[in-house]
Amino acid sequence: MKLSLYNTLTKSVQEFTPIHDREVHMYSCGPTVYDHAHIGNLRSFLFPDILQRSLRVICGYRVKWVMNITDIDDKTIRDSAIGSPKWKFEFGTQTSDPKENVRLLTLYYEQAFKRDLELIGIKKSDFSAMPRATDYIKEMQALIVSISSQGFAYESEGSVYFNVAKWREHEQYGRLFAIDLEHFKAGVRIDADEYSREQVSDFVLWKAVKDNEPFWDFPFEGKNLKGRPGWHIECSAMGQALLGLPLDIHTGGVDLRFPHHEDEIAQSKAGYGCETAQFWCHNEFLEVEGKKMSKSLGNFYTLQDLLNKGMDPLDIRFSMVNAHYGSVFNFTEFGVESASKARKRVQEYIYACFEGNVGHDHHAEELYQLKQEFFGALCDDLHMPKAIEALFTFMKNTPAHILSNRDRPSFLELMNDINDIIAVWTIAPRPEESIPDEVKKLAEIRWNAKATRDFALADDMRKQIAALGFAIKDTKDSYSIIKE
Ligand SMILES: [Zn+2]
């Protein structure tokens, strides 16, 4: 099956074919590790996770997936500076070396980030690399030198800038996002890593060192420019070093279209002479309870905040992936509760396929239809809500107990593939140890009471079982115990 994706570069849904035979090179802009990731960030990482899993499972491609770790930028320097209120003793003891302080702070948050990924079902083994920006300074410097040799960069007061006016004589600037070029003035420079579309200016490739900042030596046009890379150059250099340009797919949140990705396109074309990526894919924002997430509204959640509220990380994953990546996602507690219930329903269906009665009619046709609808929906620009709806329709029309002994292995095999993408279920028999002996005993008493038509006792047992958090599901000549 072929997968189609919305490409921000062409503003259309296009069929995807990898540049290299059956191997997809995908780059995702990763976190800046100066704090814990918030759930909006996590959505930006769940999207490429679902995408790379779909490319492997549905299309059978190998995927080389790289996500960078930005460990040097305005924020990591600010928060690790001597006297910063953000310094925590967990990072270690602050030293007199600013480079070491940045390393301690970013290492702490990088590890926290990797734990978050594992918790929400993004596997470390699915990445071919998670490079730290500071390990690629030489490659960034080489790219800056190359951009300069092509005449698209210049030095000013120890920093190096990209010459946007010069670039616009050759190439379009604003390919991903409509930029406000009306106020653009040639030669105006901006040092900040993040800026708005009204502030289009010559952006910084290399920043001159300021007092007490970490720096690297950079031999440039006969001078040594002590400093550090700008944020945008980091991804261009790491993408080229680890995957080679052009990439098949470059992902990120919509907020990265400008300036980050636009600048990446310009830098890579100017310095490497090639396009950055054939597909640019962006996921939309996340809101919380219908409002923009912000610290001042008190709805700014990290994954840990949600776990502290008693949420299961896989319920959070399921609630987030059961929405189209291209629409604004409204994260609500109610939504996670509903996702939790829905997830359990599927899990119970899977368990039921390993136990209880077997039906006599075969349902090969319905199973084939489910497979077509599920993967067909994902091939249509990763339409996950439609795919999951197909699964629930199948479960409703074809309850587990009517599946024949030929259907059951087919269903479980299909669920294995589905779960290789959604990754929130266990495709195995119900674990025995999950039901306490006490509950098993009460269930047995209840079953015997029912057999002897002692319904009062049976009902009493049912209530006791419910109080322990379990329920009984009767079938014709057996029963199963379900965790509520
Ligand atoms: Zn990036």
# chains A, B, ... in the order shown; residues from 1 in each chain; ligands from 1

$ residues_near_ligand --ligand "ligand 1" --cutoff "10 Å" --atoms "only C-alpha atoms and all ligand atoms" --output "list in words"
Tyr27, Ser28, Cys29, Gly30, Pro31, Thr32, Met67, Asn68, Ile69, Thr70, Trp231, His232, Ile233, Glu234, Cys235, Ser236, Met238, Gly239, His250, Thr251, Gly252, Gly253, Leu256, Arg257, His260, His261, Asp263 and Glu264 of chain A

$ residues_around --residues "Phe89 (chain A)" --least-positions-apart "5" --cutoff "12 Å" --atoms "only C-alpha atoms" --output "ChimeraX atom specification"
/A:80,94,101,104-105,108

$ closest_atom_pairs --of "region 71-177 of chain A" --to "region 39-51 of chain A" --cutoff "9 Å" --atoms "only C-alpha atoms" --output "tab-separated table"
residue	atom	partner	partner_atom	distance
A:Asp116	CA	A:Leu42	CA	8.5
A:Leu117	CA	A:Leu42	CA	8.0
A:Ile120	CA	A:Leu46	CA	8.3
A:Gly121	CA	A:Leu46	CA	8.7
A:Ile122	CA	A:Asp49	CA	6.5
A:Lys123	CA	A:Asp49	CA	8.7
A:Asp126	CA	A:Asp49	CA	8.6

$ select_by_dssp --residues "region 253-454 of chain A" --states "alpha helix (DSSP H)" --output "JSON list (two decimals) with N, CA and C atoms, in the first residue's frame"
[["chain", "number", "residue", "atom", "x", "y", "z"],
["A", 262, "GLU", "N", 11.93, 27.43, 7.47],
["A", 262, "GLU", "CA", 12.19, 28.28, 6.31],
["A", 262, "GLU", "C", 13.69, 28.58, 6.22],
["A", 263, "ASP", "N", 14.28, 28.86, 7.37],
["A", 263, "ASP", "CA", 15.72, 29.17, 7.41],
["A", 263, "ASP", "C", 16.54, 27.93, 7.10],
["A", 264, "GLU", "N", 16.05, 26.78, 7.55],
["A", 264, "GLU", "CA", 16.74, 25.52, 7.23],
["A", 264, "GLU", "C", 16.81, 25.31, 5.71],
["A", 265, "ILE", "N", 15.67, 25.56, 5.05],
["A", 265, "ILE", "CA", 15.62, 25.38, 3.59],
["A", 265, "ILE", "C", 16.65, 26.28, 2.90],
["A", 266, "ALA", "N", 16.67, 27.55, 3.33],
["A", 266, "ALA", "CA", 17.59, 28.52, 2.70],
["A", 266, "ALA", "C", 19.05, 28.15, 2.96],
["A", 267, "GLN", "N", 19.37, 27.83, 4.22],
["A", 267, "GLN", "CA", 20.76, 27.49, 4.57],
["A", 267, "GLN", "C", 21.26, 26.27, 3.82],
["A", 268, "SER", "N", 20.44, 25.21, 3.79],
["A", 268, "SER", "CA", 20.89, 23.96, 3.19],
["A", 268, "SER", "C", 21.08, 24.12, 1.69],
["A", 269, "LYS", "N", 20.16, 24.85, 1.07],
["A", 269, "LYS", "CA", 20.27, 25.05, -0.38],
["A", 269, "LYS", "C", 21.50, 25.91, -0.68],
["A", 270, "ALA", "N", 21.71, 26.94, 0.14],
["A", 270, "ALA", "CA", 22.85, 27.84, -0.09],
["A", 270, "ALA", "C", 24.17, 27.12, 0.15],
["A", 271, "GLY", "N", 24.22, 26.30, 1.20],
["A", 271, "GLY", "CA", 25.50, 25.68, 1.60],
["A", 271, "GLY", "C", 25.75, 24.32, 0.98],
["A", 272, "TYR", "N", 24.71, 23.51, 0.86],
["A", 272, "TYR", "CA", 24.89, 22.16, 0.32],
["A", 272, "TYR", "C", 24.44, 22.07, -1.13],
["A", 303, "LEU", "N", 4.15, 15.65, 31.21],
["A", 303, "LEU", "CA", 3.63, 14.29, 31.32],
["A", 303, "LEU", "C", 3.52, 13.90, 32.79],
["A", 304, "GLN", "N", 4.54, 14.27, 33.57],
["A", 304, "GLN", "CA", 4.54, 13.92, 34.99],
["A", 304, "GLN", "C", 3.33, 14.52, 35.72],
["A", 305, "ASP", "N", 2.95, 15.76, 35.35],
["A", 305, "ASP", "CA", 1.77, 16.38, 35.97],
["A", 305, "ASP", "C", 0.54, 15.49, 35.77],
["A", 306, "LEU", "N", 0.42, 14.94, 34.56],
["A", 306, "LEU", "CA", -0.76, 14.11, 34.25],
["A", 306, "LEU", "C", -0.68, 12.76, 34.96],
["A", 307, "LEU", "N", 0.53, 12.21, 35.06],
["A", 307, "LEU", "CA", 0.68, 10.94, 35.78],
["A", 307, "LEU", "C", 0.33, 11.15, 37.25],
["A", 308, "ASN", "N", 0.69, 12.32, 37.77],
["A", 308, "ASN", "CA", 0.36, 12.63, 39.17],
["A", 308, "ASN", "C", -1.15, 12.72, 39.39],
["A", 313, "PRO", "N", -0.13, 6.63, 31.07],
["A", 313, "PRO", "CA", 0.49, 7.25, 29.89],
["A", 313, "PRO", "C", -0.02, 6.67, 28.57],
["A", 314, "LEU", "N", -0.43, 5.40, 28.59],
["A", 314, "LEU", "CA", -0.92, 4.82, 27.33],
["A", 314, "LEU", "C", -2.33, 5.31, 27.00],
["A", 315, "ASP", "N", -3.10, 5.70, 28.03],
["A", 315, "ASP", "CA", -4.40, 6.34, 27.76],
["A", 315, "ASP", "C", -4.17, 7.71, 27.14],
["A", 316, "ILE", "N", -3.14, 8.40, 27.62],
["A", 316, "ILE", "CA", -2.79, 9.72, 27.07],
["A", 316, "ILE", "C", -2.36, 9.54, 25.61],
["A", 317, "ARG", "N", -1.53, 8.54, 25.37],
["A", 317, "ARG", "CA", -1.10, 8.27, 23.98],
["A", 317, "ARG", "C", -2.32, 7.99, 23.10],
["A", 318, "PHE", "N", -3.21, 7.13, 23.58],
["A", 318, "PHE", "CA", -4.36, 6.75, 22.76],
["A", 318, "PHE", "C", -5.25, 7.96, 22.50],
["A", 319, "SER", "N", -5.45, 8.79, 23.51],
["A", 319, "SER", "CA", -6.31, 9.96, 23.30],
["A", 319, "SER", "C", -5.68, 10.92, 22.29],
["A", 320, "MET", "N", -4.35, 11.04, 22.34],
["A", 320, "MET", "CA", -3.69, 11.99, 21.41],
["A", 320, "MET", "C", -3.62, 11.45, 19.99],
["A", 321, "VAL", "N", -3.35, 10.15, 19.84],
["A", 321, "VAL", "CA", -3.20, 9.65, 18.46],
["A", 321, "VAL", "C", -4.55, 9.46, 17.78],
["A", 333, "GLU", "N", -9.42, 16.15, 30.28],
["A", 333, "GLU", "CA", -9.41, 15.00, 31.19],
["A", 333, "GLU", "C", -10.49, 14.02, 30.77],
["A", 334, "PHE", "N", -11.63, 14.56, 30.35],
["A", 334, "PHE", "CA", -12.73, 13.71, 29.89],
["A", 334, "PHE", "C", -12.28, 12.88, 28.68],
["A", 335, "GLY", "N", -11.53, 13.52, 27.80],
["A", 335, "GLY", "CA", -11.03, 12.83, 26.60],
["A", 335, "GLY", "C", -10.12, 11.66, 26.97],
["A", 336, "VAL", "N", -9.29, 11.86, 27.99],
["A", 336, "VAL", "CA", -8.40, 10.78, 28.40],
["A", 336, "VAL", "C", -9.21, 9.65, 29.05],
["A", 337, "GLU", "N", -10.24, 10.03, 29.83],
["A", 337, "GLU", "CA", -11.11, 9.00, 30.43],
["A", 337, "GLU", "C", -11.80, 8.18, 29.35],
["A", 338, "SER", "N", -12.33, 8.87, 28.34],
["A", 338, "SER", "CA", -13.01, 8.16, 27.25],
["A", 338, "SER", "C", -12.02, 7.26, 26.52],
["A", 339, "ALA", "N", -10.82, 7.78, 26.29],
["A", 339, "ALA", "CA", -9.80, 6.98, 25.60],
["A", 339, "ALA", "C", -9.47, 5.75, 26.43],
["A", 340, "SER", "N", -9.43, 5.93, 27.75],
["A", 340, "SER", "CA", -9.12, 4.82, 28.63],
["A", 340, "SER", "C", -10.17, 3.72, 28.50],
["A", 341, "LYS", "N", -11.44, 4.13, 28.51],
["A", 341, "LYS", "CA", -12.53, 3.15, 28.39],
["A", 341, "LYS", "C", -12.46, 2.44, 27.04],
["A", 342, "ALA", "N", -12.24, 3.21, 25.99],
["A", 342, "ALA", "CA", -12.18, 2.64, 24.64],
["A", 342, "ALA", "C", -11.01, 1.66, 24.53],
["A", 343, "ARG", "N", -9.89, 2.05, 25.10],
["A", 343, "ARG", "CA", -8.70, 1.19, 25.06],
["A", 343, "ARG", "C", -8.98, -0.13, 25.77],
["A", 344, "LYS", "N", -9.67, -0.04, 26.92],
["A", 344, "LYS", "CA", -9.99, -1.27, 27.67],
["A", 344, "LYS", "C", -10.93, -2.17, 26.88],
["A", 345, "ARG", "N", -11.88, -1.55, 26.17],
["A", 345, "ARG", "CA", -12.82, -2.36, 25.38],
["A", 345, "ARG", "C", -12.09, -3.20, 24.35],
["A", 346, "VAL", "N", -11.11, -2.57, 23.71],
["A", 346, "VAL", "CA", -10.34, -3.31, 22.70],
["A", 346, "VAL", "C", -9.52, -4.40, 23.39],
["A", 347, "GLN", "N", -8.92, -4.04, 24.54],
["A", 347, "GLN", "CA", -8.10, -5.03, 25.25],
["A", 347, "GLN", "C", -8.94, -6.24, 25.67],
["A", 348, "GLU", "N", -10.16, -5.97, 26.14],
["A", 348, "GLU", "CA", -11.05, -7.08, 26.55],
["A", 348, "GLU", "C", -11.39, -7.96, 25.35],
["A", 349, "TYR", "N", -11.60, -7.32, 24.20],
["A", 349, "TYR", "CA", -11.90, -8.07, 22.98],
["A", 349, "TYR", "C", -10.73, -8.99, 22.64],
["A", 350, "ILE", "N", -9.52, -8.46, 22.79],
["A", 350, "ILE", "CA", -8.32, -9.27, 22.50],
["A", 350, "ILE", "C", -8.24, -10.46, 23.47],
["A", 351, "TYR", "N", -8.44, -10.18, 24.75],
["A", 351, "TYR", "CA", -8.41, -11.28, 25.74],
["A", 351, "TYR", "C", -9.47, -12.33, 25.40],
["A", 352, "ALA", "N", -10.65, -11.84, 25.03],
["A", 352, "ALA", "CA", -11.76, -12.76, 24.75],
["A", 352, "ALA", "C", -11.43, -13.68, 23.57],
["A", 353, "CYS", "N", -10.55, -13.20, 22.68],
["A", 353, "CYS", "CA", -10.17, -14.05, 21.54],
["A", 353, "CYS", "C", -9.29, -15.21, 21.96],
["A", 354, "PHE", "N", -8.75, -15.11, 23.16],
["A", 354, "PHE", "CA", -7.90, -16.20, 23.66],
["A", 354, "PHE", "C", -8.68, -17.15, 24.56],
["A", 364, "ALA", "N", -14.29, -14.07, 7.57],
["A", 364, "ALA", "CA", -13.10, -13.66, 6.81],
["A", 364, "ALA", "C", -13.36, -12.36, 6.05],
["A", 365, "GLU", "N", -14.57, -12.21, 5.54],
["A", 365, "GLU", "CA", -14.88, -11.03, 4.74],
["A", 365, "GLU", "C", -14.84, -9.75, 5.59],
["A", 366, "GLU", "N", -15.46, -9.84, 6.78],
["A", 366, "GLU", "CA", -15.45, -8.67, 7.68],
["A", 366, "GLU", "C", -14.02, -8.33, 8.11],
["A", 367, "LEU", "N", -13.22, -9.37, 8.33],
["A", 367, "LEU", "CA", -11.82, -9.13, 8.74],
["A", 367, "LEU", "C", -11.04, -8.47, 7.61],
["A", 368, "TYR", "N", -11.30, -8.92, 6.40],
["A", 368, "TYR", "CA", -10.63, -8.32, 5.24],
["A", 368, "TYR", "C", -11.02, -6.85, 5.11],
["A", 369, "GLN", "N", -12.33, -6.61, 5.32],
["A", 369, "GLN", "CA", -12.84, -5.24, 5.23],
["A", 369, "GLN", "C", -12.21, -4.34, 6.30],
["A", 370, "LEU", "N", -12.07, -4.87, 7.51],
["A", 370, "LEU", "CA", -11.44, -4.10, 8.59],
["A", 370, "LEU", "C", -10.00, -3.73, 8.21],
["A", 371, "LYS", "N", -9.29, -4.71, 7.70],
["A", 371, "LYS", "CA", -7.89, -4.47, 7.31],
["A", 371, "LYS", "C", -7.82, -3.37, 6.25],
["A", 372, "GLN", "N", -8.68, -3.48, 5.24],
["A", 372, "GLN", "CA", -8.67, -2.49, 4.16],
["A", 372, "GLN", "C", -9.02, -1.10, 4.69],
["A", 373, "GLU", "N", -10.05, -1.06, 5.53],
["A", 373, "GLU", "CA", -10.51, 0.25, 6.02],
["A", 373, "GLU", "C", -9.49, 0.87, 6.97],
["A", 374, "PHE", "N", -8.94, 0.05, 7.85],
["A", 374, "PHE", "CA", -7.99, 0.58, 8.84],
["A", 374, "PHE", "C", -6.75, 1.15, 8.15],
["A", 375, "PHE", "N", -6.10, 0.31, 7.36],
["A", 375, "PHE", "CA", -4.86, 0.77, 6.73],
["A", 375, "PHE", "C", -5.13, 1.78, 5.61],
["A", 376, "GLY", "N", -6.30, 1.62, 4.98],
["A", 376, "GLY", "CA", -6.68, 2.59, 3.94],
["A", 376, "GLY", "C", -6.81, 3.99, 4.53],
["A", 377, "ALA", "N", -7.41, 4.08, 5.72],
["A", 377, "ALA", "CA", -7.58, 5.39, 6.37],
["A", 377, "ALA", "C", -6.21, 5.98, 6.73],
["A", 378, "LEU", "N", -5.29, 5.15, 7.19],
["A", 378, "LEU", "CA", -3.97, 5.67, 7.54],
["A", 378, "LEU", "C", -3.20, 6.10, 6.28],
["A", 379, "CYS", "N", -3.43, 5.37, 5.20],
["A", 379, "CYS", "CA", -2.75, 5.75, 3.94],
["A", 379, "CYS", "C", -3.27, 7.08, 3.41],
["A", 384, "MET", "N", -6.27, 8.80, 11.41],
["A", 384, "MET", "CA", -6.41, 7.87, 12.52],
["A", 384, "MET", "C", -7.84, 7.76, 13.06],
["A", 385, "PRO", "N", -8.60, 8.88, 13.20],
["A", 385, "PRO", "CA", -9.96, 8.71, 13.74],
["A", 385, "PRO", "C", -10.79, 7.75, 12.88],
["A", 386, "LYS", "N", -10.63, 7.84, 11.56],
["A", 386, "LYS", "CA", -11.39, 6.96, 10.66],
["A", 386, "LYS", "C", -10.93, 5.50, 10.84],
["A", 387, "ALA", "N", -9.63, 5.31, 11.01],
["A", 387, "ALA", "CA", -9.08, 3.96, 11.17],
["A", 387, "ALA", "C", -9.63, 3.32, 12.45],
["A", 388, "ILE", "N", -9.61, 4.09, 13.53],
["A", 388, "ILE", "CA", -10.06, 3.54, 14.82],
["A", 388, "ILE", "C", -11.57, 3.29, 14.80],
["A", 389, "GLU", "N", -12.28, 4.15, 14.10],
["A", 389, "GLU", "CA", -13.72, 3.95, 13.96],
["A", 389, "GLU", "C", -14.01, 2.60, 13.28],
["A", 390, "ALA", "N", -13.20, 2.27, 12.28],
["A", 390, "ALA", "CA", -13.38, 0.98, 11.58],
["A", 390, "ALA", "C", -13.20, -0.19, 12.54],
["A", 391, "LEU", "N", -12.24, -0.06, 13.45],
["A", 391, "LEU", "CA", -11.99, -1.12, 14.42],
["A", 391, "LEU", "C", -13.20, -1.29, 15.35],
["A", 392, "PHE", "N", -13.74, -0.16, 15.83],
["A", 392, "PHE", "CA", -14.88, -0.24, 16.75],
["A", 392, "PHE", "C", -16.14, -0.74, 16.05],
["A", 393, "THR", "N", -16.31, -0.36, 14.80],
["A", 393, "THR", "CA", -17.47, -0.86, 14.04],
["A", 393, "THR", "C", -17.36, -2.38, 13.89],
["A", 394, "PHE", "N", -16.17, -2.85, 13.60],
["A", 394, "PHE", "CA", -15.96, -4.29, 13.47],
["A", 394, "PHE", "C", -16.29, -5.00, 14.80],
["A", 395, "MET", "N", -15.78, -4.45, 15.90],
["A", 395, "MET", "CA", -15.99, -5.09, 17.21],
["A", 395, "MET", "C", -17.47, -5.11, 17.59],
["A", 396, "LYS", "N", -18.19, -4.05, 17.18],
["A", 396, "LYS", "CA", -19.61, -3.96, 17.50],
["A", 396, "LYS", "C", -20.41, -4.99, 16.70],
["A", 397, "ASN", "N", -20.10, -5.07, 15.41],
["A", 397, "ASN", "CA", -20.87, -5.97, 14.54],
["A", 397, "ASN", "C", -20.44, -7.43, 14.66],
["A", 407, "ASP", "N", -11.19, -17.49, 12.50],
["A", 407, "ASP", "CA", -11.17, -16.01, 12.53],
["A", 407, "ASP", "C", -10.21, -15.47, 13.60],
["A", 408, "ARG", "N", -10.19, -16.15, 14.73],
["A", 408, "ARG", "CA", -9.46, -15.58, 15.87],
["A", 408, "ARG", "C", -7.97, -15.35, 15.59],
["A", 409, "PRO", "N", -7.25, -16.35, 15.08],
["A", 409, "PRO", "CA", -5.83, -16.06, 14.76],
["A", 409, "PRO", "C", -5.69, -14.97, 13.71],
["A", 410, "SER", "N", -6.64, -14.91, 12.77],
["A", 410, "SER", "CA", -6.55, -13.85, 11.73],
["A", 410, "SER", "C", -6.74, -12.49, 12.37],
["A", 411, "PHE", "N", -7.71, -12.39, 13.28],
["A", 411, "PHE", "CA", -7.95, -11.11, 13.95],
["A", 411, "PHE", "C", -6.72, -10.71, 14.77],
["A", 412, "LEU", "N", -6.18, -11.68, 15.52],
["A", 412, "LEU", "CA", -5.04, -11.35, 16.39],
["A", 412, "LEU", "C", -3.81, -10.96, 15.56],
["A", 413, "GLU", "N", -3.66, -11.59, 14.41],
["A", 413, "GLU", "CA", -2.55, -11.24, 13.52],
["A", 413, "GLU", "C", -2.71, -9.81, 13.01],
["A", 414, "LEU", "N", -3.94, -9.48, 12.64],
["A", 414, "LEU", "CA", -4.23, -8.12, 12.18],
["A", 414, "LEU", "C", -4.02, -7.11, 13.33],
["A", 415, "MET", "N", -4.46, -7.50, 14.53],
["A", 415, "MET", "CA", -4.29, -6.60, 15.69],
["A", 415, "MET", "C", -2.81, -6.38, 16.00],
["A", 416, "ASN", "N", -2.00, -7.40, 15.73],
["A", 416, "ASN", "CA", -0.56, -7.24, 15.92],
["A", 416, "ASN", "C", -0.02, -6.11, 15.07],
["A", 417, "ASP", "N", -0.46, -6.07, 13.81],
["A", 417, "ASP", "CA", -0.03, -5.00, 12.91],
["A", 417, "ASP", "C", -0.59, -3.65, 13.35],
["A", 418, "ILE", "N", -1.88, -3.66, 13.70],
["A", 418, "ILE", "CA", -2.52, -2.41, 14.15],
["A", 418, "ILE", "C", -1.79, -1.88, 15.39],
["A", 419, "ASN", "N", -1.46, -2.81, 16.29],
["A", 419, "ASN", "CA", -0.81, -2.41, 17.53],
["A", 419, "ASN", "C", 0.66, -2.05, 17.33],
["A", 420, "ASP", "N", 1.25, -2.50, 16.23],
["A", 420, "ASP", "CA", 2.62, -2.05, 15.92],
["A", 420, "ASP", "C", 2.60, -0.56, 15.60],
["A", 421, "ILE", "N", 1.43, -0.04, 15.26],
["A", 421, "ILE", "CA", 1.31, 1.40, 14.97],
["A", 421, "ILE", "C", 0.78, 2.15, 16.19],
["A", 422, "ILE", "N", -0.34, 1.68, 16.75],
["A", 422, "ILE", "CA", -0.96, 2.43, 17.86],
["A", 422, "ILE", "C", -0.24, 2.16, 19.18],
["A", 437, "ASP", "N", -6.55, -14.02, 43.96],
["A", 437, "ASP", "CA", -7.19, -15.30, 44.33],
["A", 437, "ASP", "C", -8.56, -15.09, 44.94],
["A", 438, "GLU", "N", -8.65, -14.03, 45.77],
["A", 438, "GLU", "CA", -9.91, -13.74, 46.45],
["A", 438, "GLU", "C", -11.04, -13.55, 45.42],
["A", 439, "VAL", "N", -10.72, -12.81, 44.35],
["A", 439, "VAL", "CA", -11.73, -12.55, 43.31],
["A", 439, "VAL", "C", -12.09, -13.84, 42.59],
["A", 440, "LYS", "N", -11.07, -14.64, 42.31],
["A", 440, "LYS", "CA", -11.31, -15.92, 41.61],
["A", 440, "LYS", "C", -12.24, -16.81, 42.44],
["A", 441, "LYS", "N", -12.00, -16.81, 43.76],
["A", 441, "LYS", "CA", -12.79, -17.65, 44.66],
["A", 441, "LYS", "C", -14.23, -17.17, 44.67],
["A", 442, "LEU", "N", -14.43, -15.86, 44.81],
["A", 442, "LEU", "CA", -15.79, -15.29, 44.83],
["A", 442, "LEU", "C", -16.50, -15.60, 43.51],
["A", 443, "ALA", "N", -15.74, -15.55, 42.41],
["A", 443, "ALA", "CA", -16.34, -15.81, 41.10],
["A", 443, "ALA", "C", -16.80, -17.27, 41.00],
["A", 444, "GLU", "N", -16.01, -18.15, 41.61],
["A", 444, "GLU", "CA", -16.37, -19.58, 41.58],
["A", 444, "GLU", "C", -17.63, -19.82, 42.40],
["A", 445, "ILE", "N", -17.68, -19.19, 43.58],
["A", 445, "ILE", "CA", -18.87, -19.33, 44.42],
["A", 445, "ILE", "C", -20.10, -18.83, 43.67],
["A", 446, "ARG", "N", -19.88, -17.67, 42.99],
["A", 446, "ARG", "CA", -21.01, -17.09, 42.26],
["A", 446, "ARG", "C", -21.49, -18.04, 41.15],
["A", 447, "TRP", "N", -20.52, -18.61, 40.43],
["A", 447, "TRP", "CA", -20.87, -19.51, 39.32],
["A", 447, "TRP", "C", -21.67, -20.72, 39.83],
["A", 448, "ASN", "N", -21.19, -21.28, 40.95],
["A", 448, "ASN", "CA", -21.89, -22.44, 41.53],
["A", 448, "ASN", "C", -23.27, -22.05, 42.05],
["A", 449, "ALA", "N", -23.34, -20.82, 42.65],
["A", 449, "ALA", "CA", -24.63, -20.34, 43.17],
["A", 449, "ALA", "C", -25.63, -20.20, 42.02],
["A", 450, "LYS", "N", -25.13, -19.70, 40.90],
["A", 450, "LYS", "CA", -26.02, -19.55, 39.73],
["A", 450, "LYS", "C", -26.49, -20.92, 39.23],
["A", 451, "ALA", "N", -25.58, -21.86, 39.25],
["A", 451, "ALA", "CA", -25.91, -23.21, 38.76],
["A", 451, "ALA", "C", -26.98, -23.86, 39.64]]

$ atom_distance --atom1 "CA of Lys210 (chain A)" --atom2 "CA of Lys226 (chain A)"
9.4 Å

$ closest_residue --among "A:Phe177, A:Tyr161, A:Tyr61, A:Phe285" --to "Phe16 (chain A)" --atoms "only C-alpha atoms"
A:Tyr61

$ select_by_dssp --residues "region 153-322 of chain A" --states "strand (DSSP E)" --output "VMD selection string"
chain A and resid 153 to 156 159 to 162 189 to 190 202 to 208 219 to 220 223 to 224 227 to 229 247 to 253 277 to 283 286 to 288 291 to 292

$ closest_residue --among "A:Glu355, A:Glu221, A:Glu15, A:Asp79" --to "Ser146 (chain A)" --atoms "only C-alpha atoms"
A:Glu221

$ atom_distance --atom1 "CA of Leu242 (chain A)" --atom2 "CA of Tyr109 (chain A)"
22.9 Å

$ closest_residue --among "A:Ser12, A:Asn283, A:Ser4, A:Ser125" --to "Val63 (chain A)" --atoms "only C-alpha atoms"
A:Ser125

$ atom_distance --atom1 "CA of Ala165 (chain A)" --atom2 "CA of His183 (chain A)"
12.4 Å

$ residues_around --residues "Gly290 (chain A)" --least-positions-apart "6" --cutoff "9 Å" --atoms "only C-alpha atoms" --output "ChimeraX atom specification"
/A:329-332

$ write_last_selection --atoms "N, CA and C atoms" --output "short mmCIF file (atom, residue, chain, number, x, y, z; two decimals), in the first residue's frame"
data_model
loop_
_atom_site.label_atom_id
_atom_site.label_comp_id
_atom_site.auth_asym_id
_atom_site.auth_seq_id
_atom_site.Cartn_x
_atom_site.Cartn_y
_atom_site.Cartn_z
N PHE A 329 -5.72 19.91 18.47
CA PHE A 329 -6.20 18.86 19.36
C PHE A 329 -6.58 19.46 20.70
N ASN A 330 -7.81 19.18 21.13
CA ASN A 330 -8.25 19.68 22.43
C ASN A 330 -8.04 18.59 23.47
N PHE A 331 -7.02 18.77 24.28
CA PHE A 331 -6.71 17.78 25.32
C PHE A 331 -7.60 18.05 26.53
N THR A 332 -8.39 17.03 26.93
CA THR A 332 -9.24 17.21 28.12
C THR A 332 -9.12 15.96 29.00
#

$ closest_residue --among "A:Ala153, A:Cys281, A:Leu286, A:Ile72" --to "Asn299 (chain A)" --atoms "only C-alpha atoms"
A:Leu286

$ closest_residue --among "A:Gln240, A:Thr76, A:Ser96, A:Ser159" --to "Glu139 (chain A)" --atoms "only C-alpha atoms"
A:Gln240
